[in-house]
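Heads up, run-v1.cif below (mmCIF, C-alpha atoms and all ligand atoms):
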```cif
data_data
loop_
_atom_site.group_PDB
_atom_site.id
_atom_site.type_symbol
_atom_site.label_atom_id
_atom_site.label_comp_id
_atom_site.auth_asym_id
_atom_site.auth_seq_id
_atom_site.Cartn_x
_atom_site.Cartn_y
_atom_site.Cartn_z
ATOM 1 C CA MET O 107 92.222 10.408 147.766
ATOM 2 C CA TYR O 108 92.025 12.942 144.972
ATOM 3 C CA GLU O 109 90.237 16.250 144.767
ATOM 4 C CA VAL O 110 87.722 16.984 142.010
ATOM 5 C CA ILE O 111 86.777 20.588 141.325
ATOM 6 C CA LEU O 112 84.032 22.236 139.302
ATOM 7 C CA TYR O 113 84.114 25.973 138.724
ATOM 8 C CA TYR O 114 83.311 28.839 136.420
ATOM 9 C CA LYS O 115 83.749 32.559 136.328
ATOM 10 C CA PHE O 116 82.271 35.065 133.939
ATOM 11 C CA SER O 117 84.939 37.712 133.470
ATOM 12 C CA HIS O 118 85.963 39.259 130.178
ATOM 13 C CA ILE O 119 89.109 37.797 128.636
ATOM 14 C CA LYS O 120 90.672 40.065 126.022
ATOM 15 C CA ASN O 121 92.788 37.472 124.304
ATOM 16 C CA PRO O 122 91.285 34.007 124.893
ATOM 17 C CA GLU O 123 93.906 32.247 122.716
ATOM 18 C CA LYS O 124 96.777 33.623 124.743
ATOM 19 C CA PHE O 125 94.976 33.076 128.043
ATOM 20 C CA CYS O 126 94.261 29.481 127.021
ATOM 21 C CA LYS O 127 97.833 28.755 126.010
ATOM 22 C CA GLU O 128 99.203 29.970 129.320
ATOM 23 C CA HIS O 129 96.487 28.197 131.251
ATOM 24 C CA LYS O 130 97.132 24.934 129.469
ATOM 25 C CA ASN O 131 100.869 25.171 130.003
ATOM 26 C CA PHE O 132 100.382 25.755 133.701
ATOM 27 C CA CYS O 133 98.029 22.778 134.054
ATOM 28 C CA LYS O 134 100.262 20.505 131.999
ATOM 29 C CA GLU O 135 103.292 21.306 134.068
ATOM 30 C CA LEU O 136 101.272 20.760 137.217
ATOM 31 C CA GLY O 137 99.911 17.435 135.941
ATOM 32 C CA LEU O 138 96.274 18.411 136.415
ATOM 33 C CA LYS O 139 93.647 16.509 134.424
ATOM 34 C CA GLY O 140 90.219 17.636 133.379
ATOM 35 C CA ARG O 141 88.269 19.739 130.936
ATOM 36 C CA ILE O 142 88.661 23.503 130.833
ATOM 37 C CA TYR O 143 86.911 25.878 128.446
ATOM 38 C CA ILE O 144 87.871 29.465 127.850
ATOM 39 C CA SER O 145 86.123 32.185 125.892
ATOM 40 C CA SER O 146 86.001 35.953 125.867
ATOM 41 C CA GLU O 147 83.240 35.644 128.481
ATOM 42 C CA GLY O 148 85.339 33.724 130.996
ATOM 43 C CA LEU O 149 86.401 30.345 132.291
ATOM 44 C CA ASN O 150 84.519 27.078 132.900
ATOM 45 C CA GLY O 151 86.156 23.899 134.069
ATOM 46 C CA THR O 152 86.146 20.635 135.898
ATOM 47 C CA ALA O 153 89.434 19.081 136.903
ATOM 48 C CA ALA O 154 91.088 16.698 139.317
ATOM 49 C CA GLY O 155 94.399 15.941 140.946
ATOM 50 C CA THR O 156 96.076 15.488 144.299
ATOM 51 C CA LYS O 157 95.245 18.021 146.995
ATOM 52 C CA GLN O 158 98.570 19.691 146.304
ATOM 53 C CA GLN O 159 97.912 19.993 142.591
ATOM 54 C CA VAL O 160 94.384 21.277 143.078
ATOM 55 C CA ASP O 161 95.485 23.819 145.696
ATOM 56 C CA ALA O 162 98.192 25.090 143.358
ATOM 57 C CA TYR O 163 95.717 25.357 140.491
ATOM 58 C CA LYS O 164 93.180 27.273 142.571
ATOM 59 C CA LYS O 165 95.899 29.700 143.631
ATOM 60 C CA TYR O 166 96.838 30.152 139.984
ATOM 61 C CA VAL O 167 93.247 30.909 138.970
ATOM 62 C CA TRP O 168 92.851 33.378 141.854
ATOM 63 C CA SER O 169 96.031 35.119 140.707
ATOM 64 C CA LEU O 170 94.557 35.860 137.266
ATOM 65 C CA ASP O 171 93.190 39.308 136.600
ATOM 66 C CA GLY O 172 89.390 39.181 136.977
ATOM 67 C CA PHE O 173 89.363 35.663 138.458
ATOM 68 C CA GLU O 174 90.260 36.520 142.059
ATOM 69 C CA GLU O 175 86.797 35.539 143.253
ATOM 70 C CA THR O 176 86.329 32.297 141.384
ATOM 71 C CA GLU O 177 84.406 29.810 143.525
ATOM 72 C CA PHE O 178 85.279 26.124 143.437
ATOM 73 C CA LYS O 179 82.883 23.301 144.191
ATOM 74 C CA GLN O 180 85.086 20.567 145.575
ATOM 75 C CA ASP O 181 84.628 16.877 146.100
ATOM 76 C CA GLN O 182 86.816 13.825 146.665
ATOM 77 C CA SER O 183 87.290 10.718 144.620
ATOM 78 C CA ASP O 184 89.491 7.667 145.128
ATOM 79 C CA TYR O 185 90.652 7.895 141.522
ATOM 80 C CA ILE O 186 91.208 10.676 138.994
ATOM 81 C CA PRO O 187 88.019 10.723 136.943
ATOM 82 C CA PHE O 188 89.610 12.161 133.792
ATOM 83 C CA ALA O 189 91.882 10.454 131.314
ATOM 84 C CA LYS O 190 93.643 13.608 130.177
ATOM 85 C CA LEU O 191 93.708 17.375 130.118
ATOM 86 C CA ILE O 192 91.607 19.294 127.640
ATOM 87 C CA CYS O 193 91.996 23.063 127.668
ATOM 88 C CA LYS O 194 90.326 24.847 124.771
ATOM 89 C CA VAL O 195 88.977 28.112 123.468
ATOM 90 C CA ARG O 196 85.271 28.106 122.697
ATOM 91 C CA GLU O 197 82.672 30.529 121.442
ATOM 92 C CA GLU O 198 80.833 30.441 124.792
ATOM 93 C CA ILE O 199 81.869 28.801 128.065
ATOM 94 C CA VAL O 200 78.350 27.416 128.291
ATOM 95 C CA ALA O 201 76.472 27.283 125.015
ATOM 96 C CA LEU O 202 73.024 28.905 125.042
ATOM 97 C CA HIS O 203 73.363 30.235 121.473
ATOM 98 C CA VAL O 204 71.657 33.527 122.371
ATOM 99 C CA GLU O 205 73.501 36.781 121.693
ATOM 100 C CA GLY O 206 74.080 39.441 124.308
ATOM 101 C CA VAL O 207 73.308 37.442 127.450
ATOM 102 C CA ASP O 208 75.225 39.041 130.305
ATOM 103 C CA PRO O 209 75.187 37.130 133.615
ATOM 104 C CA LYS O 210 75.330 40.490 135.403
ATOM 105 C CA ASP O 211 71.632 40.799 134.523
ATOM 106 C CA GLY O 212 70.765 37.392 135.971
ATOM 107 C CA GLY O 213 68.436 36.324 138.754
ATOM 108 C CA ARG O 214 68.788 36.497 142.491
ATOM 109 C CA HIS O 215 71.291 33.983 143.839
ATOM 110 C CA LEU O 216 69.797 31.921 146.640
ATOM 111 C CA LYS O 217 72.164 30.324 149.122
ATOM 112 C CA PRO O 218 71.397 26.648 149.740
ATOM 113 C CA ASN O 219 69.617 27.415 153.037
ATOM 114 C CA GLU O 220 67.556 30.172 151.399
ATOM 115 C CA TRP O 221 66.613 27.785 148.606
ATOM 116 C CA ARG O 222 65.568 25.176 151.117
ATOM 117 C CA ASN O 223 63.539 27.761 153.051
ATOM 118 C CA VAL O 224 61.591 28.697 149.936
ATOM 119 C CA MET O 225 60.937 25.015 149.246
ATOM 120 C CA GLU O 226 59.666 24.526 152.774
ATOM 121 C CA SER O 227 57.727 27.809 152.993
ATOM 122 C CA GLY O 228 54.635 26.689 151.136
ATOM 123 C CA GLU O 229 55.075 29.681 148.840
ATOM 124 C CA ASP O 230 53.861 29.333 145.265
ATOM 125 C CA TYR O 231 56.648 28.954 142.713
ATOM 126 C CA VAL O 232 57.686 27.111 139.595
ATOM 127 C CA MET O 233 61.006 25.267 139.735
ATOM 128 C CA ILE O 234 62.954 24.568 136.553
ATOM 129 C CA ASP O 235 65.741 22.040 136.203
ATOM 130 C CA VAL O 236 67.847 23.628 133.463
ATOM 131 C CA ARG O 237 69.898 20.513 132.777
ATOM 132 C CA ASN O 238 69.524 17.982 129.989
ATOM 133 C CA ASN O 239 67.071 15.083 130.082
ATOM 134 C CA TYR O 240 69.718 12.443 130.761
ATOM 135 C CA GLU O 241 70.813 14.414 133.829
ATOM 136 C CA SER O 242 67.442 15.177 135.426
ATOM 137 C CA LYS O 243 66.264 11.639 134.748
ATOM 138 C CA ILE O 244 68.425 10.158 137.507
ATOM 139 C CA GLY O 245 67.966 12.940 140.030
ATOM 140 C CA HIS O 246 66.151 16.228 140.570
ATOM 141 C CA PHE O 247 64.481 18.372 143.211
ATOM 142 C CA GLU O 248 60.978 17.443 144.308
ATOM 143 C CA GLY O 249 58.385 19.194 142.185
ATOM 144 C CA ALA O 250 60.822 20.514 139.563
ATOM 145 C CA LEU O 251 59.968 20.763 135.898
ATOM 146 C CA THR O 252 62.451 18.568 134.050
ATOM 147 C CA PRO O 253 62.234 19.493 130.355
ATOM 148 C CA ASP O 254 62.924 16.596 128.006
ATOM 149 C CA LEU O 255 65.771 18.305 126.128
ATOM 150 C CA ASP O 256 69.086 17.000 124.833
ATOM 151 C CA ASN O 257 70.957 20.315 124.894
ATOM 152 C CA PHE O 258 71.103 23.422 127.018
ATOM 153 C CA TYR O 259 70.650 25.564 123.921
ATOM 154 C CA ASP O 260 67.189 23.982 123.404
ATOM 155 C CA PHE O 261 65.913 25.772 126.523
ATOM 156 C CA PRO O 262 65.019 29.138 124.909
ATOM 157 C CA GLN O 263 62.655 27.336 122.522
ATOM 158 C CA TRP O 264 61.215 25.292 125.375
ATOM 159 C CA LEU O 265 60.561 28.464 127.366
ATOM 160 C CA GLU O 266 58.501 29.908 124.537
ATOM 161 C CA GLU O 267 56.164 26.937 124.706
ATOM 162 C CA ALA O 268 56.152 26.266 128.449
ATOM 163 C CA ASN O 269 53.325 28.684 129.376
ATOM 164 C CA ILE O 270 54.819 29.753 132.673
ATOM 165 C CA PRO O 271 52.877 32.778 134.004
ATOM 166 C CA LYS O 272 55.087 35.880 134.066
ATOM 167 C CA ASN O 273 54.039 36.738 137.616
ATOM 168 C CA LYS O 274 55.172 33.390 139.033
ATOM 169 C CA LYS O 275 58.151 33.130 141.298
ATOM 170 C CA VAL O 276 60.788 31.173 139.379
ATOM 171 C CA LEU O 277 63.419 28.930 140.951
ATOM 172 C CA MET O 278 66.043 27.374 138.720
ATOM 173 C CA TYR O 279 69.010 25.138 139.309
ATOM 174 C CA CYS O 280 71.698 23.154 137.517
ATOM 175 C CA THR O 281 74.770 21.115 138.497
ATOM 176 C CA GLY O 282 77.145 23.876 139.549
ATOM 177 C CA GLY O 283 75.249 27.066 138.704
ATOM 178 C CA ILE O 284 76.684 28.098 135.349
ATOM 179 C CA ARG O 285 73.667 27.324 133.198
ATOM 180 C CA CYS O 286 71.406 29.374 135.490
ATOM 181 C CA GLU O 287 73.742 32.332 135.032
ATOM 182 C CA LYS O 288 72.602 32.546 131.432
ATOM 183 C CA PHE O 289 69.085 31.161 131.508
ATOM 184 C CA SER O 290 68.049 33.519 134.313
ATOM 185 C CA VAL O 291 69.071 36.479 132.137
ATOM 186 C CA LEU O 292 66.917 35.197 129.323
ATOM 187 C CA MET O 293 63.888 34.731 131.581
ATOM 188 C CA LYS O 294 64.218 38.238 132.959
ATOM 189 C CA GLU O 295 64.536 39.643 129.463
ATOM 190 C CA GLU O 296 61.393 37.753 128.487
ATOM 191 C CA GLY O 297 59.415 39.359 131.293
ATOM 192 C CA TRP O 298 59.643 37.222 134.430
ATOM 193 C CA ASN O 299 60.478 39.434 137.397
ATOM 194 C CA ASP O 300 60.991 37.096 140.326
ATOM 195 C CA VAL O 301 63.792 34.901 139.009
ATOM 196 C CA ASN O 302 65.952 32.997 141.490
ATOM 197 C CA GLN O 303 68.848 30.632 140.966
ATOM 198 C CA LEU O 304 70.529 28.132 143.281
ATOM 199 C CA HIS O 305 73.991 29.476 144.038
ATOM 200 C CA GLY O 306 76.630 26.821 143.428
ATOM 201 C CA GLY O 307 74.053 24.425 142.029
ATOM 202 C CA ILE O 308 73.173 20.939 143.230
ATOM 203 C CA LEU O 309 76.748 20.120 144.207
ATOM 204 C CA ASN O 310 76.976 23.043 146.613
ATOM 205 C CA TYR O 311 73.484 22.335 147.949
ATOM 206 C CA ALA O 312 74.452 18.713 148.624
ATOM 207 C CA LYS O 313 77.296 19.917 150.820
ATOM 208 C CA GLU O 314 75.419 22.658 152.647
ATOM 209 C CA GLU O 315 71.970 21.193 153.108
ATOM 210 C CA ASP O 316 72.603 17.466 152.805
ATOM 211 C CA GLY O 317 70.573 17.433 149.622
ATOM 212 C CA ALA O 318 67.231 17.793 151.416
ATOM 213 C CA HIS O 319 64.267 17.505 148.996
ATOM 214 C CA PHE O 320 66.491 16.147 146.247
ATOM 215 C CA LYS O 321 65.464 12.775 144.820
ATOM 216 C CA GLY O 322 68.033 10.475 143.241
ATOM 217 C CA LYS O 323 71.608 11.361 142.345
ATOM 218 C CA CYS O 324 73.487 14.014 140.423
ATOM 219 C CA PHE O 325 74.998 13.492 136.988
ATOM 220 C CA VAL O 326 78.539 14.895 136.697
ATOM 221 C CA PHE O 327 80.702 15.411 133.621
ATOM 222 C CA ASP O 328 83.584 13.201 134.618
ATOM 223 C CA ASP O 329 84.216 9.477 134.778
ATOM 224 C CA ARG O 330 82.237 9.088 137.984
ATOM 225 C CA LEU O 331 79.085 9.983 135.993
ATOM 226 C CA ILE O 332 76.941 10.135 139.136
ATOM 227 C CA VAL O 333 77.486 11.373 142.684
ATOM 228 C CA PRO O 334 75.169 11.087 145.689
ATOM 229 C CA VAL O 335 73.312 14.229 146.805
ATOM 230 C CA ASN O 336 70.992 13.277 149.633
ATOM 231 C CA PRO O 337 72.491 10.584 151.888
ATOM 232 C CA LYS O 338 69.045 9.852 153.325
ATOM 233 C CA ASP O 339 67.541 9.219 149.922
ATOM 234 C CA LEU O 340 69.850 7.188 147.722
ATOM 235 C CA ALA O 341 67.292 4.973 145.997
ATOM 236 C CA PRO O 342 67.447 5.221 142.195
ATOM 237 C CA ILE O 343 64.535 7.156 140.701
ATOM 238 C CA ALA O 344 65.275 6.140 137.102
ATOM 239 C CA LYS O 345 64.664 2.804 135.459
ATOM 240 C CA CYS O 346 66.962 0.568 133.460
ATOM 241 C CA GLU O 347 65.935 1.137 129.860
ATOM 242 C CA ILE O 348 66.336 -2.552 129.118
ATOM 243 C CA THR O 349 64.826 -4.313 132.142
ATOM 244 C CA GLY O 350 62.584 -1.551 133.515
ATOM 245 C CA LYS O 351 63.925 -2.119 137.025
ATOM 246 C CA PRO O 352 65.189 0.759 139.204
ATOM 247 C CA ALA O 353 68.720 1.795 138.211
ATOM 248 C CA ASP O 354 70.940 4.838 138.073
ATOM 249 C CA THR O 355 74.012 3.558 136.283
ATOM 250 C CA TYR O 356 74.774 4.716 132.755
ATOM 251 C CA VAL O 357 76.118 2.944 129.733
ATOM 252 C CA ASN O 358 77.216 4.386 126.424
ATOM 253 C CA CYS O 359 75.599 2.213 123.772
ATOM 254 C CA ALA O 360 78.207 -0.265 122.549
ATOM 255 C CA ASN O 361 77.311 0.577 118.974
ATOM 256 C CA MET O 362 79.879 3.306 118.457
ATOM 257 C CA GLU O 363 77.752 4.847 115.720
ATOM 258 C CA CYS O 364 74.977 5.353 118.252
ATOM 259 C CA ASN O 365 76.923 5.890 121.449
ATOM 260 C CA LYS O 366 73.771 7.004 123.274
ATOM 261 C CA LEU O 367 74.210 7.489 126.999
ATOM 262 C CA PHE O 368 71.376 5.617 128.635
ATOM 263 C CA VAL O 369 70.344 4.355 132.054
ATOM 264 C CA CYS O 370 71.149 0.667 132.188
ATOM 265 C CA SER O 371 71.537 -1.902 134.953
ATOM 266 C CA GLU O 372 74.202 -4.575 134.959
ATOM 267 C CA GLU O 373 71.533 -7.114 134.103
ATOM 268 C CA GLY O 374 70.334 -4.981 131.192
ATOM 269 C CA ALA O 375 73.862 -4.525 129.904
ATOM 270 C CA HIS O 376 74.346 -8.286 129.853
ATOM 271 C CA ILE O 377 71.059 -8.897 128.059
ATOM 272 C CA MET O 378 71.811 -6.378 125.296
ATOM 273 C CA ASP O 379 75.613 -6.683 125.107
ATOM 274 C CA GLY O 380 75.748 -3.059 126.264
ATOM 275 C CA CYS O 381 73.554 -1.818 123.403
ATOM 276 C CA CYS O 382 70.501 0.429 123.638
ATOM 277 C CA SER O 383 68.413 -1.447 121.057
ATOM 278 C CA GLU O 384 68.213 -4.618 118.988
ATOM 279 C CA GLU O 385 69.190 -2.553 115.974
ATOM 280 C CA CYS O 386 72.389 -1.353 117.634
ATOM 281 C CA LYS O 387 73.168 -4.900 118.669
ATOM 282 C CA LYS O 388 73.479 -5.772 114.968
ATOM 283 C CA SER O 389 75.705 -2.827 114.017
ATOM 284 C CA GLU O 390 79.099 -3.455 112.460
ATOM 285 C CA TYR O 391 80.421 -0.743 114.762
ATOM 286 C CA LYS O 392 79.497 -2.657 117.889
ATOM 287 C CA ARG O 393 82.481 -3.076 120.145
ATOM 288 C CA PRO O 394 82.813 -6.383 121.960
ATOM 289 C CA PHE O 395 80.902 -6.546 125.228
ATOM 290 C CA ASP O 396 83.144 -6.314 128.231
ATOM 291 C CA ALA O 397 81.070 -6.725 131.402
ATOM 292 C CA GLU O 398 83.783 -5.395 133.636
ATOM 293 C CA ASN O 399 84.181 -2.140 131.752
ATOM 294 C CA ALA O 400 80.661 -1.647 130.448
ATOM 295 C CA PHE O 401 80.000 1.096 132.975
ATOM 296 C CA LYS O 402 83.135 3.061 132.285
ATOM 297 C CA PRO O 403 83.270 5.850 129.717
ATOM 298 C CA PHE O 404 83.600 4.720 126.173
ATOM 299 C CA ARG O 405 86.626 6.619 124.980
ATOM 300 C CA LYS O 406 89.189 3.876 125.423
ATOM 301 C CA TRP O 407 87.396 2.198 122.543
ATOM 302 C CA TYR O 408 88.251 5.002 120.167
ATOM 303 C CA ASN O 409 91.104 3.176 118.580
ATOM 304 C CA TYR O 410 89.057 0.130 117.905
ATOM 305 C CA PHE O 411 87.595 1.356 114.607
ATOM 306 C CA GLY O 412 90.452 3.416 113.236
ATOM 307 C CA GLU O 413 91.555 7.045 113.180
ATOM 308 C CA ASP O 414 88.543 8.529 111.356
ATOM 309 C CA PHE O 415 86.237 7.013 113.860
ATOM 310 C CA LYS O 416 88.369 8.178 116.730
ATOM 311 C CA GLN O 417 88.302 11.786 115.552
ATOM 312 C CA ARG O 418 84.556 11.646 115.018
ATOM 313 C CA SER O 419 84.043 10.182 118.486
ATOM 314 C CA LEU O 420 86.199 12.834 120.088
ATOM 315 C CA ARG O 421 84.092 15.522 118.443
ATOM 316 C CA GLN O 422 80.918 13.788 119.597
ATOM 317 C CA GLU O 423 82.165 13.524 123.136
ATOM 318 C CA GLU O 424 83.063 17.160 123.240
ATOM 319 C CA HIS O 425 79.660 18.103 121.893
ATOM 320 C CA ALA O 426 77.866 15.886 124.395
ATOM 321 C CA GLN O 427 79.680 17.398 127.321
ATOM 322 C CA SER O 428 79.161 21.010 126.383
HETATM 323 ZN ZN ZN C 501 72.340 2.406 120.424
#
```
Could you spell out this file's structure in structure tokens?
Amino acid sequence: MYEVILYYKFSHIKNPEKFCKEHKNFCKELGLKGRIYISSEGLNGTAAGTKQQVDAYKKYVWSLDGFEETEFKQDQSDYIPFAKLICKVREEIVALHVEGVDPKDGGRHLKPNEWRNVMESGEDYVMIDVRNNYESKIGHFEGALTPDLDNFYDFPQWLEEANIPKNKKVLMYCTGGIRCEKFSVLMKEEGWNDVNQLHGGILNYAKEEDGAHFKGKCFVFDDRLIVPVNPKDLAPIAKCEITGKPADTYVNCANMECNKLFVCSEEGAHIMDGCCSEECKKSEYKRPFDAENAFKPFRKWYNYFGEDFKQRSLRQEEHAQS
């Protein structure tokens, strides 16, 4: 068994380049794999390793000035769901593309049991799923608004058009909590007063409250792609985009030029050779269909179309997972 962690901490980093270099060296030496982003606003990562490696990494993070209180969402997996270690400096650790958003001015953090109590209280509220469309599609809380957006940074525009009354109680959630840290600030700045966010996100809620009132599964940004949330309610809520039958497995379109991540059953993948459309099926950039590996992330195909393509794909992947 391996441990998979998801974590973030907003804490000012004076010299992100230096911080990143040291961080990367530590992780490399330790043999940790995953994706870690660093900016002047803090640290955001998801990583995996043996229990020993993960324990050592957590200790390291807690030893860093300003990161003593970093919280880790932790799960187990029977394989390491990352191919390598990426540790990079970025403009923002989660990209909202709005200046001057300080998580200190965010909403009220609700513990999982408090969140559940509000859901069961009969109180009037609006609940917003602040994740992307391909995430909320396969799982979300009962009654949540699930905006049809491809990127987190599309949310400010969506909010302008959503017509949510300013006096409404707002509940928002995401995978691990980081997106709410920024979006809650924006909503308060725009005039909503009763803004609440699920502390630790869906993954923490799954642990603490057995995922009650959550339908479907949770999308995660590692090779597992989905994890269960509510053990009493595991039926897929999404449909295979090819066959229309219930499904919650994902495929990256086999046309590397398209590469769209879409919900697709095994049957659908066979019918379309792993492609999302007839058009993609005809593309010269279509990799050969490999039934056994159709449901695994696409990156091992990078080399298939040469170095230019590989670099482009790497950039795409990074963009998609931001
Ligand atoms: Zn396609």
Region 207-216 of chain O surroundings by all atoms listed in the file, 8 Å radius, close-in-sequence under 5 positions cut, as a ChimeraX atom specification: /O:116,221,287-292,294,300-305
Cut-off 6 Å, all atoms listed in the file, neighbours of ligand ZN 501 (chain C) as a list in words: Cys359, Asn361, Cys364, Asn365, Lys366, Cys381, Cys382, Ser383 and Cys386 of chain O
Target residues per the PyMOL selection byres (((chain O and resi 387) around 12) and not hetatm), formatted as a PyMOL selection string: chain O and resi 359-365+375-386+388-395
Determine the residue set returned by the PyMOL selection byres (((chain O and resi 185) around 8) and not hetatm) for the present structure, and present it as a PDB file with C-alpha atoms, in the coordinates of the input.
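The new file expr-v9.pdb reads:
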```pdb
ATOM      1  CA  MET O 107      92.222  10.408 147.766  1.00  0.00           C
ATOM      2  CA  TYR O 108      92.025  12.942 144.972  1.00  0.00           C
ATOM      3  CA  SER O 183      87.290  10.718 144.620  1.00  0.00           C
ATOM      4  CA  ASP O 184      89.491   7.667 145.128  1.00  0.00           C
ATOM      5  CA  ILE O 186      91.208  10.676 138.994  1.00  0.00           C
ATOM      6  CA  PRO O 187      88.019  10.723 136.943  1.00  0.00           C
TER       7      PRO O 187
END
```
Selection result of the PyMOL selection byres (((chain O and resi 150) around 9) and not hetatm) on this file, as a VMD selection string: chain O and resid 112 to 116 141 to 145 148 to 149 151 to 152 199 to 200 284
Gly297 (chain O) environment, 9 Å, all atoms listed in the file, sequence neighbours closer than 4 positions dropped, as an mmCIF file with C-alpha atoms, in the coordinates of the input:
```
data_model
loop_
_atom_site.group_PDB
_atom_site.id
_atom_site.type_symbol
_atom_site.label_atom_id
_atom_site.label_comp_id
_atom_site.auth_asym_id
_atom_site.auth_seq_id
_atom_site.Cartn_x
_atom_site.Cartn_y
_atom_site.Cartn_z
ATOM 1 C CA LYS O 272 55.087 35.880 134.066
ATOM 2 C CA ASN O 273 54.039 36.738 137.616
ATOM 3 C CA LEU O 292 66.917 35.197 129.323
ATOM 4 C CA MET O 293 63.888 34.731 131.581
#
```
Shortest interatomic distance to Asp354 (chain O) - which of O:Tyr279, O:Trp298, O:Phe320, O:Tyr240, counting only C-alpha atoms: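 Checking each of O:Tyr279, O:Trp298, O:Phe320, O:Tyr240 against Asp354 (chain O), counting only C-alpha atoms, the winner is O:Tyr240.
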